[in-house]
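Have a look at the structure below before the remarks.
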Amino acid sequence: MLLEHLQRQLREREAQALRRHVRVAESPCGVYQRITRNGGDANANGQPLLTFGSNDYLGLANHPVVISALAEGAARYGAGSGASHLVSGHMRPHEILETGLAELLSPCVPHAKALFFCSGYMANIAILSALGDTKATIFADKLNHASLIDGALLARATVRRYPHENLASLTAQLEQCDTPIKLIVTDAVFSMDGDLAPLPELSALAERFDAWLIIDDAHGFGVLGPQGRGSLAHFNLCSERYIYMGTLGKAAGVAGAFVAAHPVVIDWLVQGARSYIYTTATPPAIAHALCASLQLMTGEEGELRRTHLRQLISLWRTKITALTRAQPQIAWQLTASQTAIQPLILGNNDAAMVAASQLEAHGIWVPPIRPPTVPVGTARLRVTLSAAHTPADVERLIGALSREAQVTS
Ligand SMILES: *Cc1c(COP(=O)(O)O)cnc(C)c1O
């Protein structure tokens, strides 16, 4: 019975062009990757594909300094942590990392303490389930990341969702709210559109209604603001009301995540966040490697990489805009994004799958993204740019898109 039930659902997904397949990267995360599928080569000639699909925005995932720090961390502290943080798994590199992250975020969250998590998913679950008790209302943007949605499901708080970036709706919901604790929660950079949340306005609302602002900066940390300190620094914002979540597997190039917030908030997460307490601490070598990658990210090399990334973003947007002007029949659309996430919206699922396989025939890999990751009717090619790309790489993608647009029109 179970198998029939599942097989029926799998067939339905297939029919709607919604079935997902895992691909295997045979080479490190980088600009060129050899990618296989179902045991065979995905691309006929087995050539590495020019990829625009990772969140390794600064190109640190395969950086020699970070790799050797990982090896050194393993040599010094072993492969595994052996236990959860509260038992015996919290090791010196975890502690050094948390201190460094707290210091880095302190211009945005005064007196912040930081807590390291195995992943951003687990950090978001922790924040919402531990702070969202029956005395609280959670106000969530409808396009928030799945991990925030799941965290809200685990919380015992009242949950209200407001239309994407709609401050008037949020204001009305805050006015109606009668719980003593109010938690506004938003992606800082929306993961599938690349647009920035209106953090100054959300911040003003938090102030006005005595609410707290939970910020998921998975795509802003390392990319935006001085030293890559993130979206709050980008807007020059500072308040004790912020509960800041940054991930460490994207721009920071390794793995994990952290929450930086008021010391009382962090102390409570240590007591009450089940996804912090009931899981084995991340291997210490990862924390050691992160200390090295944060040093690169916040230093001169990080600044140069961010400048280069901004130039690529502007090149991409200028050229794609010109192309759509010149060929009005082109169906894809840019989003209002100034960040490294630069998707082309195609609409239906098939169109996105076809466009991805056409690019693959040109030796280029851009992941197609379909519902439920994005709203129905907004399937897209999620182009992400990295400081590891060259202008010539971006030109090659634009050239292939332009040729395909001419063929299909
Ligand atoms: C990737 C992502 C997460 C999850 O972070 P992981 O460390 O990959 O678990 C959370 N929020 C957003 C917006 C993300 O894009």
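Note on naming: chains are A, B, ... as they come in the structure tokens, residues start from 1 per chain, ligands start from 1 in the order shown.
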At a cut-off of 10 Å, can you tabulate as a Markdown table every residue of chain A near ligand 1 together with its closest atom pair and the distance in Å to one decimal, using only C-alpha atoms and all ligand atoms and ordering rows by chain then number?
```
| residue | atom | partner | partner_atom_place_in_ligand_line | distance |
| --- | --- | --- | --- | --- |
| A:Asn55 | CA | ligand 1 | 1 (C) | 8.3 |
| A:Phe117 | CA | ligand 1 | 7 (O) | 8.6 |
| A:Cys118 | CA | ligand 1 | 7 (O) | 7.3 |
| A:Ser119 | CA | ligand 1 | 7 (O) | 3.8 |
| A:Gly120 | CA | ligand 1 | 5 (O) | 3.3 |
| A:Tyr121 | CA | ligand 1 | 9 (O) | 3.9 |
| A:Met122 | CA | ligand 1 | 9 (O) | 6.5 |
| A:Ala123 | CA | ligand 1 | 9 (O) | 7.9 |
| A:Asn124 | CA | ligand 1 | 10 (C) | 7.0 |
| A:Ile125 | CA | ligand 1 | 10 (C) | 9.7 |
| A:Leu143 | CA | ligand 1 | 13 (C) | 9.7 |
| A:Asn144 | CA | ligand 1 | 13 (C) | 7.0 |
| A:His145 | CA | ligand 1 | 13 (C) | 4.8 |
| A:Ala146 | CA | ligand 1 | 11 (N) | 7.3 |
| A:Ser147 | CA | ligand 1 | 10 (C) | 5.8 |
| A:Leu148 | CA | ligand 1 | 11 (N) | 7.2 |
| A:Thr186 | CA | ligand 1 | 13 (C) | 8.7 |
| A:Asp187 | CA | ligand 1 | 13 (C) | 5.6 |
| A:Ala188 | CA | ligand 1 | 13 (C) | 7.8 |
| A:Val189 | CA | ligand 1 | 13 (C) | 7.1 |
| A:Phe190 | CA | ligand 1 | 13 (C) | 6.3 |
| A:Ser191 | CA | ligand 1 | 15 (O) | 4.9 |
| A:Met192 | CA | ligand 1 | 15 (O) | 8.1 |
| A:Gly194 | CA | ligand 1 | 13 (C) | 10.0 |
| A:Ile215 | CA | ligand 1 | 13 (C) | 9.4 |
| A:Asp216 | CA | ligand 1 | 11 (N) | 5.9 |
| A:Asp217 | CA | ligand 1 | 13 (C) | 6.6 |
| A:Ala218 | CA | ligand 1 | 12 (C) | 4.9 |
| A:His219 | CA | ligand 1 | 15 (O) | 6.2 |
| A:Gly220 | CA | ligand 1 | 13 (C) | 9.3 |
| A:Met245 | CA | ligand 1 | 11 (N) | 8.5 |
| A:Gly246 | CA | ligand 1 | 10 (C) | 8.3 |
| A:Thr247 | CA | ligand 1 | 7 (O) | 5.2 |
| A:Leu248 | CA | ligand 1 | 7 (O) | 6.5 |
| A:Gly249 | CA | ligand 1 | 7 (O) | 5.6 |
| A:Lys250 | CA | ligand 1 | 1 (C) | 7.4 |
| A:Val254 | CA | ligand 1 | 7 (O) | 9.4 |
| A:Ala255 | CA | ligand 1 | 7 (O) | 6.4 |
| A:Gly256 | CA | ligand 1 | 7 (O) | 5.2 |
| A:Ala257 | CA | ligand 1 | 7 (O) | 5.7 |
| A:Phe258 | CA | ligand 1 | 7 (O) | 9.2 |
```
field: All strand (DSSP E or B) positions in segment 328-407 of chain A, as number ranges by chain
entry: A: 333-334, 341, 344-347, 364-365, 368-369, 379-381, 384
May I have the residues from that selection written out with all heavy atoms, as a compact mmCIF listing (two decimals), in the first residue's frame?
```
# COMPACT_ATOMS: atom_id res chain seq x y z
N GLN A 333 12.58 36.93 -17.65
CA GLN A 333 12.58 38.24 -16.99
C GLN A 333 13.55 38.24 -15.83
O GLN A 333 13.60 37.28 -15.06
CB GLN A 333 11.21 38.47 -16.38
CG GLN A 333 10.28 39.28 -17.23
CD GLN A 333 9.00 39.52 -16.47
OE1 GLN A 333 8.43 38.60 -15.90
NE2 GLN A 333 8.54 40.75 -16.46
N LEU A 334 14.28 39.33 -15.68
CA LEU A 334 15.12 39.51 -14.49
C LEU A 334 14.25 39.84 -13.28
O LEU A 334 13.14 40.32 -13.44
CB LEU A 334 16.08 40.69 -14.71
CG LEU A 334 17.30 40.50 -15.61
CD1 LEU A 334 17.96 41.85 -15.86
CD2 LEU A 334 18.29 39.54 -14.98
N ILE A 341 22.30 36.68 -6.50
CA ILE A 341 21.22 35.82 -6.99
C ILE A 341 20.52 36.58 -8.11
O ILE A 341 19.89 37.61 -7.87
CB ILE A 341 20.23 35.48 -5.85
CG1 ILE A 341 20.99 34.82 -4.70
CG2 ILE A 341 19.10 34.59 -6.36
CD1 ILE A 341 20.18 34.71 -3.41
N LEU A 344 16.41 34.16 -13.84
CA LEU A 344 15.58 34.52 -15.00
C LEU A 344 14.28 33.75 -14.83
O LEU A 344 14.27 32.53 -14.85
CB LEU A 344 16.27 34.10 -16.30
CG LEU A 344 17.55 34.85 -16.66
CD1 LEU A 344 18.19 34.23 -17.90
CD2 LEU A 344 17.26 36.34 -16.91
N ILE A 345 13.18 34.49 -14.69
CA ILE A 345 11.88 33.85 -14.50
C ILE A 345 11.33 33.43 -15.86
O ILE A 345 11.30 34.24 -16.79
CB ILE A 345 10.87 34.83 -13.84
CG1 ILE A 345 11.51 35.52 -12.65
CG2 ILE A 345 9.55 34.12 -13.52
CD1 ILE A 345 11.19 34.99 -11.32
N LEU A 346 10.92 32.16 -15.95
CA LEU A 346 10.39 31.65 -17.22
C LEU A 346 8.91 31.36 -17.17
O LEU A 346 8.24 31.33 -18.19
CB LEU A 346 11.16 30.40 -17.63
CG LEU A 346 12.53 30.75 -18.20
CD1 LEU A 346 13.62 29.97 -17.54
CD2 LEU A 346 12.55 30.56 -19.69
N GLY A 347 8.38 31.07 -15.97
CA GLY A 347 6.96 30.81 -15.88
C GLY A 347 6.63 29.35 -15.64
O GLY A 347 6.61 28.89 -14.52
N ILE A 364 26.89 24.61 -20.29
CA ILE A 364 26.65 25.52 -19.16
C ILE A 364 25.60 24.92 -18.25
O ILE A 364 24.59 24.40 -18.72
CB ILE A 364 26.19 26.90 -19.68
CG1 ILE A 364 27.26 27.52 -20.57
CG2 ILE A 364 25.83 27.83 -18.52
CD1 ILE A 364 26.85 28.80 -21.26
N TRP A 365 25.82 25.00 -16.97
CA TRP A 365 24.86 24.44 -16.02
C TRP A 365 24.26 25.54 -15.14
O TRP A 365 24.95 26.22 -14.39
CB TRP A 365 25.54 23.37 -15.14
CG TRP A 365 24.69 22.90 -13.99
CD1 TRP A 365 25.03 22.93 -12.68
CD2 TRP A 365 23.37 22.33 -14.06
NE1 TRP A 365 24.01 22.42 -11.91
CE2 TRP A 365 22.97 22.05 -12.74
CE3 TRP A 365 22.49 22.05 -15.11
CZ2 TRP A 365 21.73 21.50 -12.44
CZ3 TRP A 365 21.25 21.51 -14.82
CH2 TRP A 365 20.89 21.23 -13.50
N PRO A 368 17.46 24.71 -12.79
CA PRO A 368 16.08 25.17 -12.90
C PRO A 368 15.42 25.00 -11.53
O PRO A 368 15.68 24.02 -10.84
CB PRO A 368 15.48 24.20 -13.91
CG PRO A 368 16.29 22.95 -13.78
CD PRO A 368 17.65 23.34 -13.32
N ILE A 369 14.60 25.95 -11.13
CA ILE A 369 13.92 25.89 -9.83
C ILE A 369 12.42 25.93 -10.07
O ILE A 369 11.92 26.80 -10.79
CB ILE A 369 14.33 27.07 -8.92
CG1 ILE A 369 15.85 27.16 -8.79
CG2 ILE A 369 13.65 26.97 -7.56
CD1 ILE A 369 16.49 26.22 -7.82
N ALA A 379 8.44 29.32 -12.34
CA ALA A 379 9.64 28.48 -12.50
C ALA A 379 10.73 29.33 -13.15
O ALA A 379 10.44 30.25 -13.91
CB ALA A 379 9.31 27.25 -13.35
N ARG A 380 11.96 29.00 -12.82
CA ARG A 380 13.04 29.89 -13.24
C ARG A 380 14.38 29.18 -13.39
O ARG A 380 14.55 28.06 -12.91
CB ARG A 380 13.20 31.00 -12.21
CG ARG A 380 13.63 30.47 -10.85
CD ARG A 380 13.39 31.47 -9.74
NE ARG A 380 11.96 31.73 -9.55
CZ ARG A 380 11.48 32.69 -8.77
NH1 ARG A 380 12.30 33.49 -8.12
NH2 ARG A 380 10.19 32.85 -8.64
N LEU A 381 15.29 29.87 -14.04
CA LEU A 381 16.69 29.48 -14.00
C LEU A 381 17.31 30.32 -12.89
O LEU A 381 17.29 31.55 -12.97
CB LEU A 381 17.37 29.79 -15.33
CG LEU A 381 16.95 28.95 -16.53
CD1 LEU A 381 17.62 29.49 -17.79
CD2 LEU A 381 17.31 27.49 -16.33
N THR A 384 23.27 32.12 -10.29
CA THR A 384 24.01 32.78 -9.20
C THR A 384 25.41 33.09 -9.69
O THR A 384 26.04 32.28 -10.37
CB THR A 384 24.09 31.90 -7.93
OG1 THR A 384 24.60 30.62 -8.28
CG2 THR A 384 22.74 31.75 -7.26
```
- prompt: Nearest to Lys319 of chain A: which of A:Glu395, A:Glu175, A:Glu95, A:Asp195 is it, counting only C-alpha atoms?
  reply: A:Glu395
task: Mind the document's chain letters and residue numbers, and return as a count of residues only the residues of segment 195-379 of chain A that DSSP labels helix (DSSP H, G or I).
output: 86
Distance of atom CA of Ala197 of chain A from atom CA of Lys142 of chain A, expressed in Å to one decimal place: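 Taking atom CA of Lys142 of chain A as the start and atom CA of Ala197 of chain A as the end point, the length is 12.0 Å.
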Just want the 7 Å neighbourhood of His262 of chain A, counted on only C-alpha atoms, with same-chain residues fewer than 6 positions away dropped. Output as a PDB file with C-alpha atoms, in the first residue's frame.
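Listing of around-v1.pdb after writing:
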```pdb
ATOM      1  CA  HIS A 111      26.858  43.432  22.995  1.00  0.00           C
ATOM      2  CA  ALA A 112      25.934  40.470  20.791  1.00  0.00           C
ATOM      3  CA  LYS A 113      26.801  36.924  21.722  1.00  0.00           C
ATOM      4  CA  GLU A 240      19.562  45.241  20.306  1.00  0.00           C
TER       5      GLU A 240
END
```
query: What separation in Å, quoted to one decimal, exists between atom CA of Val265 of chain A and atom CA of Ser169 of chain A?
result: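 These atoms are spaced 27.5 Å apart.
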task: Compare A:Leu290, A:Leu50, A:Ala25, A:Leu153 by their minimum atom-to-atom distance to Leu97 of chain A, counting only C-alpha atoms, and give me the closest one.
output: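 Using only C-alpha atoms, the shortest distance to Leu97 of chain A belongs to A:Leu290.
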Selected residue of minimal separation from Leu101 of chain A among A:Gln406, A:Cys291, A:Pro391, A:Gly132, counting only C-alpha atoms: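 Checking each candidate against Leu101 of chain A, we get A:Cys291 as the closest.
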field: Pick from A:Leu397, A:Pro163, A:Val259, A:Thr134 nearest to Leu315 of chain A, counting only C-alpha atoms
entry: A:Leu397
field: Pick from A:Leu224, A:Cys29, A:Val264, A:Leu304, whichever lies nearest to Asp56 of chain A using only C-alpha atoms
entry: A:Cys29
field: Nearest candidate to His234 of chain A (options A:Leu202, A:Gly399, A:Leu213, A:Pro107; using only C-alpha atoms)
entry: A:Pro107
- request: For Ile330 of chain A, list every protein, DNA or RNA residue within 12 Å, evaluated using only C-alpha atoms, and leave out those in the same chain fewer than 3 positions away; present the list as number ranges by chain.
  value: A: 320-327, 333-334, 344-346, 401-409
query: Using only C-alpha atoms, which residues sit within 8 Å of segment 225-229 of chain A once same-chain residues fewer than 6 positions away are excluded, as a PyMOL selection string?
result: chain A and resi 104-105+235+297-299+302-303
Output the selection as a PDB file, in the first residue's frame - N, CA and C atoms for each residue.
```
ATOM      1  N   LEU A 104      32.376  40.399  15.137  1.00  0.00           N
ATOM      2  CA  LEU A 104      32.104  40.876  13.781  1.00  0.00           C
ATOM      3  C   LEU A 104      30.723  41.526  13.683  1.00  0.00           C
ATOM      4  N   LEU A 105      29.745  40.964  14.373  1.00  0.00           N
ATOM      5  CA  LEU A 105      28.371  41.473  14.267  1.00  0.00           C
ATOM      6  C   LEU A 105      28.066  42.586  15.270  1.00  0.00           C
ATOM      7  N   PHE A 235      22.818  48.361   5.362  1.00  0.00           N
ATOM      8  CA  PHE A 235      21.872  49.459   5.608  1.00  0.00           C
ATOM      9  C   PHE A 235      22.316  50.343   6.775  1.00  0.00           C
ATOM     10  N   MET A 297      37.420  36.494   4.355  1.00  0.00           N
ATOM     11  CA  MET A 297      36.193  37.213   4.013  1.00  0.00           C
ATOM     12  C   MET A 297      36.201  38.658   4.523  1.00  0.00           C
ATOM     13  N   THR A 298      36.697  38.856   5.743  1.00  0.00           N
ATOM     14  CA  THR A 298      36.635  40.190   6.347  1.00  0.00           C
ATOM     15  C   THR A 298      37.837  41.057   5.963  1.00  0.00           C
ATOM     16  N   GLY A 299      38.853  40.447   5.373  1.00  0.00           N
ATOM     17  CA  GLY A 299      40.078  41.187   5.052  1.00  0.00           C
ATOM     18  C   GLY A 299      40.090  41.739   3.637  1.00  0.00           C
ATOM     19  N   GLY A 302      38.734  39.585   0.755  1.00  0.00           N
ATOM     20  CA  GLY A 302      37.270  39.593   0.713  1.00  0.00           C
ATOM     21  C   GLY A 302      36.750  40.844   0.019  1.00  0.00           C
ATOM     22  N   GLU A 303      37.366  41.991   0.342  1.00  0.00           N
ATOM     23  CA  GLU A 303      36.937  43.261  -0.257  1.00  0.00           C
ATOM     24  C   GLU A 303      37.123  43.227  -1.774  1.00  0.00           C
TER      25      GLU A 303
END
```
